[in-house]
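So this block is model16.txt, compact mmCIF, C-alpha atoms and all ligand atoms:
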# COMPACT_ATOMS: atom_id res chain seq x y z
CA MET A 1 -13.75 7.65 10.93
CA SER A 2 -16.83 8.64 12.94
CA PRO A 3 -19.37 11.18 11.68
CA GLY A 4 -18.19 13.72 14.23
CA PRO A 5 -16.25 14.84 16.07
CA THR A 6 -13.90 14.52 13.11
CA ARG A 7 -10.14 14.83 12.91
CA VAL A 8 -8.62 18.29 13.33
CA ALA A 9 -5.74 19.25 11.03
CA GLU A 10 -2.39 19.88 12.74
CA GLU A 11 -2.10 23.44 11.47
CA VAL A 12 -5.54 24.22 12.88
CA LEU A 13 -4.57 22.73 16.25
CA LEU A 14 -1.48 24.94 16.26
CA LYS A 15 -3.53 28.02 15.43
CA MET A 16 -5.84 27.27 18.35
CA ALA A 17 -2.87 26.86 20.70
CA ASP A 18 -1.82 30.44 19.99
CA THR A 19 -2.20 33.34 22.44
CA ILE A 20 -5.84 34.18 23.15
CA ILE A 21 -6.39 37.70 21.89
CA HIS A 22 -8.99 39.93 23.49
CA HIS A 23 -12.26 39.85 21.56
CA ARG A 24 -13.00 43.59 21.78
CA THR A 25 -9.97 44.58 19.76
CA PRO A 26 -9.41 45.57 16.13
CA GLN A 27 -7.27 42.43 15.81
CA PHE A 28 -10.14 40.12 16.66
CA VAL A 29 -12.67 42.14 14.64
CA SER A 30 -10.50 41.61 11.59
CA VAL A 31 -10.47 37.84 12.24
CA LEU A 32 -14.27 37.82 12.56
CA LYS A 33 -14.66 39.88 9.42
CA SER A 34 -12.60 37.40 7.45
CA VAL A 35 -14.39 34.42 9.06
CA ASN A 36 -17.83 35.90 8.28
CA GLU A 37 -16.97 36.37 4.59
CA LYS A 38 -15.48 32.87 4.25
CA LEU A 39 -18.39 31.22 6.10
CA LYS A 40 -20.78 32.50 3.41
CA LYS A 41 -18.69 30.84 0.71
CA VAL A 42 -18.48 27.52 2.54
CA PHE A 43 -22.17 27.58 3.49
CA GLY A 44 -23.05 28.50 -0.09
CA THR A 45 -25.12 31.55 0.77
CA ASN A 46 -25.08 35.31 0.50
CA ASN A 47 -27.01 35.58 3.77
CA PRO A 48 -25.33 36.32 7.10
CA VAL A 49 -24.05 33.25 8.95
CA CYS A 50 -24.09 33.79 12.72
CA THR A 51 -21.68 31.89 14.96
CA PHE A 52 -22.63 30.78 18.48
CA ALA A 53 -20.54 29.28 21.28
CA SER A 54 -22.61 26.11 21.46
CA SER A 55 -22.78 22.68 19.94
CA GLY A 56 -24.90 22.21 16.84
CA THR A 57 -28.01 21.59 18.92
CA GLY A 58 -27.79 25.16 20.24
CA ALA A 59 -28.09 26.44 16.68
CA MET A 60 -31.02 24.03 16.12
CA GLU A 61 -32.73 25.55 19.17
CA ALA A 62 -31.92 29.04 17.87
CA SER A 63 -33.61 28.12 14.58
CA ILE A 64 -36.86 27.51 16.46
CA VAL A 65 -36.95 30.18 19.18
CA ASN A 66 -36.14 33.05 16.82
CA PHE A 67 -38.73 32.45 14.13
CA LEU A 68 -41.74 30.90 15.86
CA SER A 69 -44.26 31.76 18.56
CA LYS A 70 -46.17 29.67 21.06
CA GLY A 71 -48.88 27.66 19.28
CA ASP A 72 -47.32 28.10 15.80
CA LYS A 73 -47.32 25.08 13.55
CA ALA A 74 -44.15 23.63 12.07
CA ILE A 75 -43.65 20.58 9.86
CA ILE A 76 -40.91 18.34 11.20
CA ILE A 77 -39.38 15.83 8.82
CA ARG A 78 -38.42 12.94 11.07
CA GLY A 79 -36.42 10.15 9.51
CA GLY A 80 -33.92 9.62 12.30
CA LYS A 81 -32.56 10.91 15.60
CA PHE A 82 -31.72 14.40 14.39
CA GLY A 83 -34.99 15.09 12.63
CA GLU A 84 -36.68 13.96 15.83
CA ARG A 85 -34.63 16.46 17.81
CA PHE A 86 -36.27 19.39 16.03
CA GLY A 87 -39.61 17.97 17.17
CA GLU A 88 -38.37 17.66 20.76
CA ILE A 89 -37.26 21.30 20.79
CA CYS A 90 -40.68 22.37 19.42
CA LEU A 91 -42.33 20.42 22.22
CA ALA A 92 -40.15 22.14 24.82
CA TYR A 93 -41.27 25.57 23.56
CA GLY A 94 -44.94 24.90 22.91
CA VAL A 95 -44.69 24.88 19.13
CA GLU A 96 -47.17 22.53 17.46
CA ALA A 97 -45.12 19.97 15.55
CA ILE A 98 -46.75 18.36 12.53
CA ASN A 99 -44.61 15.28 12.22
CA TYR A 100 -43.83 13.71 8.88
CA ASP A 101 -42.43 10.35 9.90
CA VAL A 102 -40.22 9.11 7.11
CA PRO A 103 -39.34 5.42 7.43
CA TRP A 104 -35.75 5.23 8.74
CA GLY A 105 -33.32 4.63 5.91
CA GLU A 106 -35.41 6.53 3.38
CA GLY A 107 -35.22 10.13 2.24
CA CYS A 108 -38.19 12.46 2.59
CA ASN A 109 -40.70 12.83 -0.21
CA ALA A 110 -41.28 16.47 -1.10
CA THR A 111 -44.76 15.69 -2.41
CA VAL A 112 -45.82 14.59 1.08
CA VAL A 113 -44.53 17.90 2.45
CA ALA A 114 -46.51 19.76 -0.24
CA GLY A 115 -49.62 17.87 0.90
CA LEU A 116 -49.00 18.74 4.55
CA LEU A 117 -48.51 22.40 3.68
CA GLU A 118 -51.78 22.41 1.76
CA LYS A 119 -53.69 20.69 4.56
CA ASN A 120 -52.25 23.02 7.22
CA PRO A 121 -52.34 26.51 5.74
CA GLY A 122 -50.96 28.23 8.84
CA VAL A 123 -47.64 26.34 8.89
CA LYS A 124 -44.78 28.76 9.62
CA ALA A 125 -41.75 26.57 9.01
CA VAL A 126 -40.49 23.25 7.66
CA TYR A 127 -37.56 21.57 9.41
CA SER A 128 -35.39 18.97 7.68
CA THR A 129 -31.93 17.49 7.90
CA LEU A 130 -29.55 17.49 4.92
CA ALA A 131 -27.65 14.38 6.00
CA GLU A 132 -29.56 12.43 8.66
CA THR A 133 -26.43 11.18 10.42
CA SER A 134 -28.23 8.48 12.41
CA THR A 135 -29.35 6.62 9.28
CA GLY A 136 -26.84 7.84 6.69
CA VAL A 137 -29.58 9.24 4.43
CA VAL A 138 -29.26 12.43 2.41
CA ASN A 139 -32.54 14.28 1.88
CA ASP A 140 -33.47 15.94 -1.40
CA ILE A 141 -33.37 19.54 -0.25
CA LYS A 142 -33.64 20.92 -3.78
CA GLN A 143 -37.14 19.47 -4.20
CA LEU A 144 -38.12 20.53 -0.71
CA GLY A 145 -36.92 24.08 -1.39
CA ALA A 146 -38.90 24.25 -4.62
CA ILE A 147 -42.08 23.49 -2.67
CA VAL A 148 -41.57 25.48 0.53
CA SER A 149 -40.26 28.61 -1.20
CA LYS A 150 -43.63 28.97 -2.99
CA THR A 151 -45.43 29.24 0.36
CA GLY A 152 -45.28 31.69 3.24
CA ALA A 153 -43.29 29.16 5.32
CA ILE A 154 -39.53 29.13 5.79
CA LEU A 155 -37.28 26.11 5.21
CA ILE A 156 -34.74 25.29 7.90
CA VAL A 157 -32.11 22.66 7.13
CA ASP A 158 -29.86 20.98 9.68
CA ALA A 159 -26.66 20.61 7.66
CA ILE A 160 -24.50 19.94 10.71
CA SER A 161 -23.02 16.75 9.24
CA GLY A 162 -23.89 17.26 5.58
CA LEU A 163 -22.11 20.56 5.04
CA THR A 164 -18.97 20.08 2.82
CA ALA A 165 -19.97 16.45 2.10
CA ASP A 166 -23.39 16.66 0.46
CA GLU A 167 -24.15 19.37 -2.05
CA MET A 168 -26.57 22.07 -0.95
CA LYS A 169 -27.02 25.21 -3.01
CA ALA A 170 -28.89 26.97 -0.23
CA ASP A 171 -29.82 30.25 -1.93
CA GLU A 172 -30.54 28.68 -5.30
CA TRP A 173 -32.68 25.94 -3.75
CA GLY A 174 -34.60 28.26 -1.43
CA VAL A 175 -33.18 27.22 1.94
CA ASP A 176 -33.88 30.03 4.41
CA VAL A 177 -31.85 28.85 7.35
CA ILE A 178 -28.83 26.56 7.35
CA VAL A 179 -27.90 25.13 10.74
CA GLY A 180 -24.27 24.05 11.17
CA GLY A 181 -21.84 22.78 13.79
CA SER A 182 -18.06 22.86 14.11
CA GLN A 183 -17.12 19.24 14.74
CA LYS A 184 -18.30 17.52 11.57
CA GLY A 185 -17.38 18.60 8.05
CA LEU A 186 -15.86 21.80 9.41
CA MET A 187 -13.14 19.70 11.07
CA LEU A 188 -12.93 21.69 14.30
CA PRO A 189 -13.33 20.60 17.89
CA PRO A 190 -16.94 20.70 19.16
CA GLY A 191 -18.17 24.05 20.46
CA LEU A 192 -19.42 26.24 17.62
CA GLY A 193 -22.95 26.39 16.22
CA PHE A 194 -23.85 28.27 13.04
CA MET A 195 -27.00 29.64 11.52
CA SER A 196 -27.59 31.47 8.25
CA VAL A 197 -30.64 33.72 7.94
CA SER A 198 -32.43 34.63 4.69
CA PRO A 199 -34.30 37.94 4.30
CA LYS A 200 -37.59 35.96 4.44
CA ALA A 201 -36.51 34.38 7.75
CA GLN A 202 -35.39 37.74 9.12
CA LYS A 203 -38.99 38.95 8.88
CA PHE A 204 -40.09 36.07 11.13
CA ILE A 205 -37.79 37.34 13.88
CA GLU A 206 -40.00 40.42 14.30
CA THR A 207 -43.10 38.44 15.26
CA SER A 208 -41.52 35.56 17.20
CA ASN A 209 -42.40 35.63 20.91
CA LEU A 210 -40.71 32.47 22.17
CA PRO A 211 -38.35 33.03 25.13
CA LYS A 212 -34.68 33.46 24.24
CA PHE A 213 -31.68 35.23 25.59
CA TYR A 214 -28.27 33.87 24.59
CA PHE A 215 -29.60 32.76 21.21
CA ASN A 216 -31.37 36.06 20.45
CA LEU A 217 -30.83 36.48 16.71
CA LYS A 218 -31.73 40.16 16.74
CA GLU A 219 -28.75 40.78 19.01
CA ALA A 220 -26.57 38.38 17.02
CA LEU A 221 -27.37 40.05 13.69
CA LYS A 222 -26.88 43.55 15.10
CA ALA A 223 -23.41 42.58 16.29
CA TYR A 224 -22.73 40.60 13.10
CA ALA A 225 -23.25 43.73 11.00
CA LYS A 226 -20.24 45.21 12.81
CA ASP A 227 -18.19 41.97 12.70
CA ASP A 228 -18.76 41.69 16.41
CA THR A 229 -20.56 39.25 18.73
CA PRO A 230 -23.07 40.11 21.47
CA TRP A 231 -21.29 37.95 24.06
CA THR A 232 -17.76 36.69 24.48
CA PRO A 233 -17.05 34.46 21.48
CA ALA A 234 -15.13 31.17 21.64
CA VAL A 235 -11.93 32.94 20.61
CA SER A 236 -9.66 29.94 20.13
CA LEU A 237 -12.26 28.02 18.12
CA ILE A 238 -12.80 31.05 15.90
CA MET A 239 -9.04 31.29 15.32
CA GLY A 240 -9.17 27.63 14.26
CA LEU A 241 -12.22 28.35 12.11
CA ASP A 242 -10.35 31.10 10.29
CA SER A 243 -7.62 28.62 9.48
CA ILE A 244 -9.85 25.70 8.42
CA LEU A 245 -12.01 27.93 6.21
CA ASP A 246 -8.82 28.94 4.38
CA MET A 247 -8.01 25.26 3.91
CA ILE A 248 -11.48 24.46 2.56
CA LEU A 249 -11.47 27.42 0.19
CA LYS A 250 -7.96 26.57 -0.97
CA GLU A 251 -9.10 23.06 -1.88
CA GLY A 252 -12.29 24.63 -3.28
CA VAL A 253 -15.86 24.02 -2.17
CA ASP A 254 -16.64 21.89 -5.23
CA ALA A 255 -13.38 19.95 -4.93
CA THR A 256 -14.14 19.29 -1.26
CA LEU A 257 -17.57 17.93 -2.22
CA ALA A 258 -15.98 15.82 -4.96
CA ARG A 259 -13.43 14.35 -2.51
CA HIS A 260 -16.23 13.36 -0.14
CA ALA A 261 -18.19 11.86 -3.03
CA LYS A 262 -15.17 9.80 -4.09
CA LEU A 263 -14.41 8.47 -0.60
CA ALA A 264 -18.10 7.73 -0.03
CA GLU A 265 -18.45 5.89 -3.32
CA ALA A 266 -15.35 3.80 -2.59
CA THR A 267 -16.61 2.96 0.90
CA ARG A 268 -20.02 1.91 -0.40
CA SER A 269 -18.48 -0.22 -3.16
CA ALA A 270 -15.98 -1.80 -0.77
CA VAL A 271 -18.57 -2.91 1.78
CA LYS A 272 -20.79 -4.25 -1.00
CA ALA A 273 -17.80 -6.20 -2.37
CA LEU A 274 -17.55 -7.78 1.09
CA GLY A 275 -21.13 -8.97 0.71
CA LEU A 276 -22.50 -6.39 3.12
CA GLU A 277 -25.63 -4.33 2.56
CA LEU A 278 -26.09 -0.57 2.78
CA TYR A 279 -28.80 0.61 5.16
CA PRO A 280 -29.96 3.86 3.50
CA LYS A 281 -31.80 4.02 0.17
CA SER A 282 -30.32 7.43 -0.66
CA PRO A 283 -26.88 7.43 1.00
CA SER A 284 -25.15 10.60 2.16
CA ASN A 285 -21.54 11.33 1.24
CA ALA A 286 -20.81 12.17 4.89
CA VAL A 287 -21.25 8.69 6.32
CA THR A 288 -21.88 5.16 5.09
CA THR A 289 -24.33 3.16 7.18
CA VAL A 290 -23.94 -0.60 6.78
CA LYS A 291 -26.24 -3.36 7.99
CA VAL A 292 -24.60 -5.75 10.46
CA PRO A 293 -24.69 -9.24 8.91
CA SER A 294 -26.88 -11.75 10.73
CA ASN A 295 -25.18 -13.72 13.51
CA ILE A 296 -22.46 -11.06 13.89
CA ASP A 297 -22.28 -8.91 17.01
CA GLY A 298 -22.65 -5.33 15.75
CA ALA A 299 -21.38 -3.71 18.95
CA ALA A 300 -18.25 -5.91 18.77
CA ILE A 301 -17.39 -4.59 15.30
CA VAL A 302 -17.27 -1.03 16.63
CA LYS A 303 -15.49 -1.98 19.86
CA LYS A 304 -12.81 -4.18 18.27
CA LEU A 305 -12.09 -1.62 15.56
CA ARG A 306 -11.63 1.07 18.22
CA ASP A 307 -9.80 -0.88 20.94
CA GLU A 308 -7.71 -3.26 18.82
CA GLN A 309 -7.27 -1.49 15.47
CA GLY A 310 -7.29 2.13 16.63
CA ILE A 311 -10.07 3.05 14.21
CA THR A 312 -13.09 4.92 15.57
CA ILE A 313 -16.31 4.30 13.67
CA ALA A 314 -19.86 4.68 15.00
CA GLY A 315 -22.48 2.12 15.87
CA GLY A 316 -26.22 2.44 15.43
CA GLN A 317 -28.41 4.69 17.57
CA ASP A 318 -31.80 3.98 19.11
CA VAL A 319 -33.62 1.20 17.19
CA LEU A 320 -30.51 0.70 15.05
CA THR A 321 -28.29 -0.17 18.05
CA GLY A 322 -26.30 -3.29 17.14
CA LYS A 323 -28.02 -3.44 13.75
CA VAL A 324 -25.81 -1.08 11.74
CA PHE A 325 -22.36 0.46 11.88
CA ARG A 326 -21.38 3.78 10.36
CA ILE A 327 -18.08 4.57 8.65
CA ALA A 328 -17.63 8.26 7.97
CA HIS A 329 -15.63 9.87 5.20
CA LEU A 330 -16.07 13.31 6.61
CA GLY A 331 -13.61 16.12 6.89
CA TYR A 332 -9.84 15.92 7.06
CA MET A 333 -9.19 12.62 5.33
CA ASP A 334 -8.12 11.04 2.10
CA GLU A 335 -8.02 7.73 0.23
CA TYR A 336 -5.63 6.10 2.67
CA ASP A 337 -7.91 6.73 5.63
CA THR A 338 -10.73 5.00 3.77
CA ILE A 339 -8.43 2.12 2.75
CA SER A 340 -7.26 1.69 6.37
CA ALA A 341 -10.83 1.67 7.64
CA ILE A 342 -11.86 -1.01 5.15
CA ALA A 343 -8.74 -3.05 5.97
CA GLY A 344 -9.51 -2.80 9.69
CA LEU A 345 -13.09 -3.79 9.02
CA GLU A 346 -11.95 -6.89 7.13
CA ILE A 347 -9.70 -7.93 10.04
CA VAL A 348 -12.44 -7.47 12.61
CA LEU A 349 -15.17 -9.13 10.52
CA SER A 350 -12.99 -12.20 9.99
CA GLN A 351 -12.27 -12.41 13.73
CA LEU A 352 -16.00 -12.28 14.40
CA GLY A 353 -16.63 -15.21 12.06
CA TYR A 354 -18.00 -13.41 9.02
CA LYS A 355 -17.19 -15.32 5.82
CA PHE A 356 -15.69 -13.43 2.90
CA GLU A 357 -12.59 -13.39 0.74
CA PHE A 358 -9.76 -11.29 2.26
CA GLY A 359 -8.94 -8.15 0.33
CA LYS A 360 -12.22 -7.93 -1.57
CA GLY A 361 -13.20 -4.68 0.11
CA VAL A 362 -9.76 -3.07 0.11
CA GLY A 363 -9.25 -4.28 -3.46
CA LYS A 364 -12.43 -2.59 -4.61
CA ALA A 365 -11.48 0.69 -2.92
CA ILE A 366 -7.96 0.81 -4.34
CA GLU A 367 -9.23 -0.15 -7.78
CA MET A 368 -11.60 2.82 -7.71
CA PHE A 369 -8.93 5.19 -6.42
CA ALA A 370 -6.45 4.00 -9.04
CA LYS A 371 -8.98 4.63 -11.81
CA SER A 372 -9.90 8.08 -10.53
CA ALA A 373 -6.26 9.17 -9.95
CA LYS A 374 -5.11 12.08 -12.04
C1 LIG B 1 -24.12 15.81 15.19
C2 LIG B 1 -25.42 16.27 14.68
C3 LIG B 1 -26.25 17.10 15.45
C4 LIG B 1 -25.98 17.46 16.86
O1 LIG B 1 -25.01 18.33 17.05
P1 LIG B 1 -24.34 18.56 18.49
O2 LIG B 1 -23.15 19.32 18.08
O3 LIG B 1 -24.05 17.23 19.08
O4 LIG B 1 -25.29 19.35 19.29
C5 LIG B 1 -27.42 17.54 14.89
N1 LIG B 1 -27.79 17.17 13.65
C6 LIG B 1 -27.04 16.36 12.91
C7 LIG B 1 -27.52 15.97 11.55
C8 LIG B 1 -25.82 15.88 13.39
O5 LIG B 1 -25.08 15.06 12.65
Would you encode the structure as structure tokens?
Amino acid sequence: MSPGPTRVAEEVLLKMADTIIHHRTPQFVSVLKSVNEKLKKVFGTNNPVCTFASSGTGAMEASIVNFLSKGDKAIIIRGGKFGERFGEICLAYGVEAINYDVPWGEGCNATVVAGLLEKNPGVKAVYSTLAETSTGVVNDIKQLGAIVSKTGAILIVDAISGLTADEMKADEWGVDVIVGGSQKGLMLPPGLGFMSVSPKAQKFIETSNLPKFYFNLKEALKAYAKDDTPWTPAVSLIMGLDSILDMILKEGVDATLARHAKLAEATRSAVKALGLELYPKSPSNAVTTVKVPSNIDGAAIVKKLRDEQGITIAGGQDVLTGKVFRIAHLGYMDEYDTISAIAGLEIVLSQLGYKFEFGKGVGKAIEMFAKSAK
């Protein structure tokens, strides 16, 4: 129940345990061809989606080094650890980051971004997260897209945790680059990074002079056009990807989003029924971030759930350490996983001295599931 790495379905594990086929063969090319087509559907774009053998951060780095040059300006929407990371990568490469510091727990305001774009006419790119996993906030990418698409800048969205949980109509909303990772909503082990590239973003590749080698998008796109990869791909992960994309498309992209919305809504209602407070103002459907009640040890909630109840949730990061806990509803899970997590939470909270009526949280969740059952 953590916001990544998430659980991997048994049939995907089996697929990845299969014989490793050689990557320069017609057999593997046909797997990549099928993966590339299905990735577009799951990412909600008609643009190419390149796959890298890296964690999500590798794709974040690729989304900077391929479009920008030394001294370029980029607006970084920072409302948590992952927004901040884009700024750190800019710093490492000599890109001038114009930081928009959103108070943690709040979503970004597109009007502020419009103001920053107006004040800084040379801005090349705007970087945002879809779901800011550290705070549990979902950003309004539709509004952001409406503003950025009217300018010469490109919009890059880190959807590593938000993809499949929070709606993002990338092409319709004007998102130029979607950054993804394998171990969140895509329900695979860690090790794959993804990046989609719009025609507008492809033009930026021509002028970018930042150093790059492995993450060179020109090479990646050239190979992609032939359903190939420039370097040795992570064969077993791509076999697993082929299988999980089938599962997602079989459930349906909209149905997958609806399942996440349902589990998220039940989790939010359940914790509120226990008298707890949500941390984010605009909560993501990937993860629910809950404030630790006063006088309760936040780290102990996470530790006891993991070590005594066998339920892995996440604690807070950075300034939120000990102040929040995060229960995900991301990936391969259903109502009973959410019910178990709430039940485990009730057990642990009572042991830590928090006062509430047993069953209030679980009761709320099962009531909602019963009402929404077909
Ligand atoms: C997990 C996560 C990342 C980092 O991905 P890694 O795979 O750990 O490199 C980046 N952004 C968001 C929003 C995430 O949730």
*When distances are computed from all atoms listed in the file, which of A:Phe213, A:Thr232, A:Asp307, A:Arg268 shows the smallest separation from Val290 of chain A?*
A:Arg268
*Nearest to Thr289 of chain A among A:Val177, A:Ala146, A:Val271, A:Leu330, with distances taken over only C-alpha atoms: which residue is it?*
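Result for the nearest residue to Thr289 of chain A: A:Val271.
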*May I have the residues within 9 Å of Ala264 of chain A as a PyMOL selection string, using only C-alpha atoms and disregarding those fewer than 2 positions away in the same chain?*
chain A and resi 259-262+266-269+283-288+328-330+338
_Distance filter 6 Å around ligand LIG 1 (chain B), atoms: only C-alpha atoms and all ligand atoms, out as a PyMOL selection string_ = chain A and resi 55-57+82+129+131-133+158+160-161+181
Export of prior selection with C-alpha atoms as a PDB file, in the frame of the given file:
ATOM      1  CA  SER A  55     -22.780  22.680  19.940  1.00  0.00           C
ATOM      2  CA  GLY A  56     -24.900  22.210  16.840  1.00  0.00           C
ATOM      3  CA  THR A  57     -28.010  21.590  18.920  1.00  0.00           C
ATOM      4  CA  PHE A  82     -31.720  14.400  14.390  1.00  0.00           C
ATOM      5  CA  THR A 129     -31.930  17.490   7.900  1.00  0.00           C
ATOM      6  CA  ALA A 131     -27.650  14.380   6.000  1.00  0.00           C
ATOM      7  CA  GLU A 132     -29.560  12.430   8.660  1.00  0.00           C
ATOM      8  CA  THR A 133     -26.430  11.180  10.420  1.00  0.00           C
ATOM      9  CA  ASP A 158     -29.860  20.980   9.680  1.00  0.00           C
ATOM     10  CA  ILE A 160     -24.500  19.940  10.710  1.00  0.00           C
ATOM     11  CA  SER A 161     -23.020  16.750   9.240  1.00  0.00           C
ATOM     12  CA  GLY A 181     -21.840  22.780  13.790  1.00  0.00           C
TER      13      GLY A 181
END
*For Thr312 of chain A, which of A:Lys250, A:Ser2, A:Phe369, A:Ile64 is the closest residue, counting only C-alpha atoms?*
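Closest residue, counting only C-alpha atoms: A:Ser2.
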Set up a box along x, y and z of the file covering all listed atoms of segment 75-85 of chain A, add 3 Å on every one of the six sides, and write the centre and edge lengths in Å to one decimal, as lines of an AutoDock Vina configuration file.
center_x = -37.7
center_y = 15.1
center_z = 13.3
size_x = 17.9
size_y = 17.0
size_z = 15.0
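Interatomic distance, atom CA of Lys33 of chain A to atom CA of Thr45 of chain A: 15.9 Å.
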*For the atom pair atom CA of Asp334 of chain A and atom CA of Gly359 of chain A, what is the interatomic distance in Å to one decimal place?*
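Here the two named atoms are 19.3 Å from each other.
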*Excluding same-chain residues fewer than 6 positions from Tyr332 of chain A, what lies within 12 Å of it counting all atoms listed in the file, as a ChimeraX atom specification?*
/A:1-12,164-165,183-188,244,247-248,251,256,259-260,263,286,338
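Taking all atoms listed in the file into account, Pro211 of chain A lies nearest to A:Ser69 out of the set A:Asn109, A:Ser69, A:Thr135, A:Gln27.
With only C-alpha atoms as the atoms that count, the residue of A:Lys364, A:Lys15, A:Ala97, A:Ile311 with the shortest distance to Ile347 of chain A is A:Ile311.
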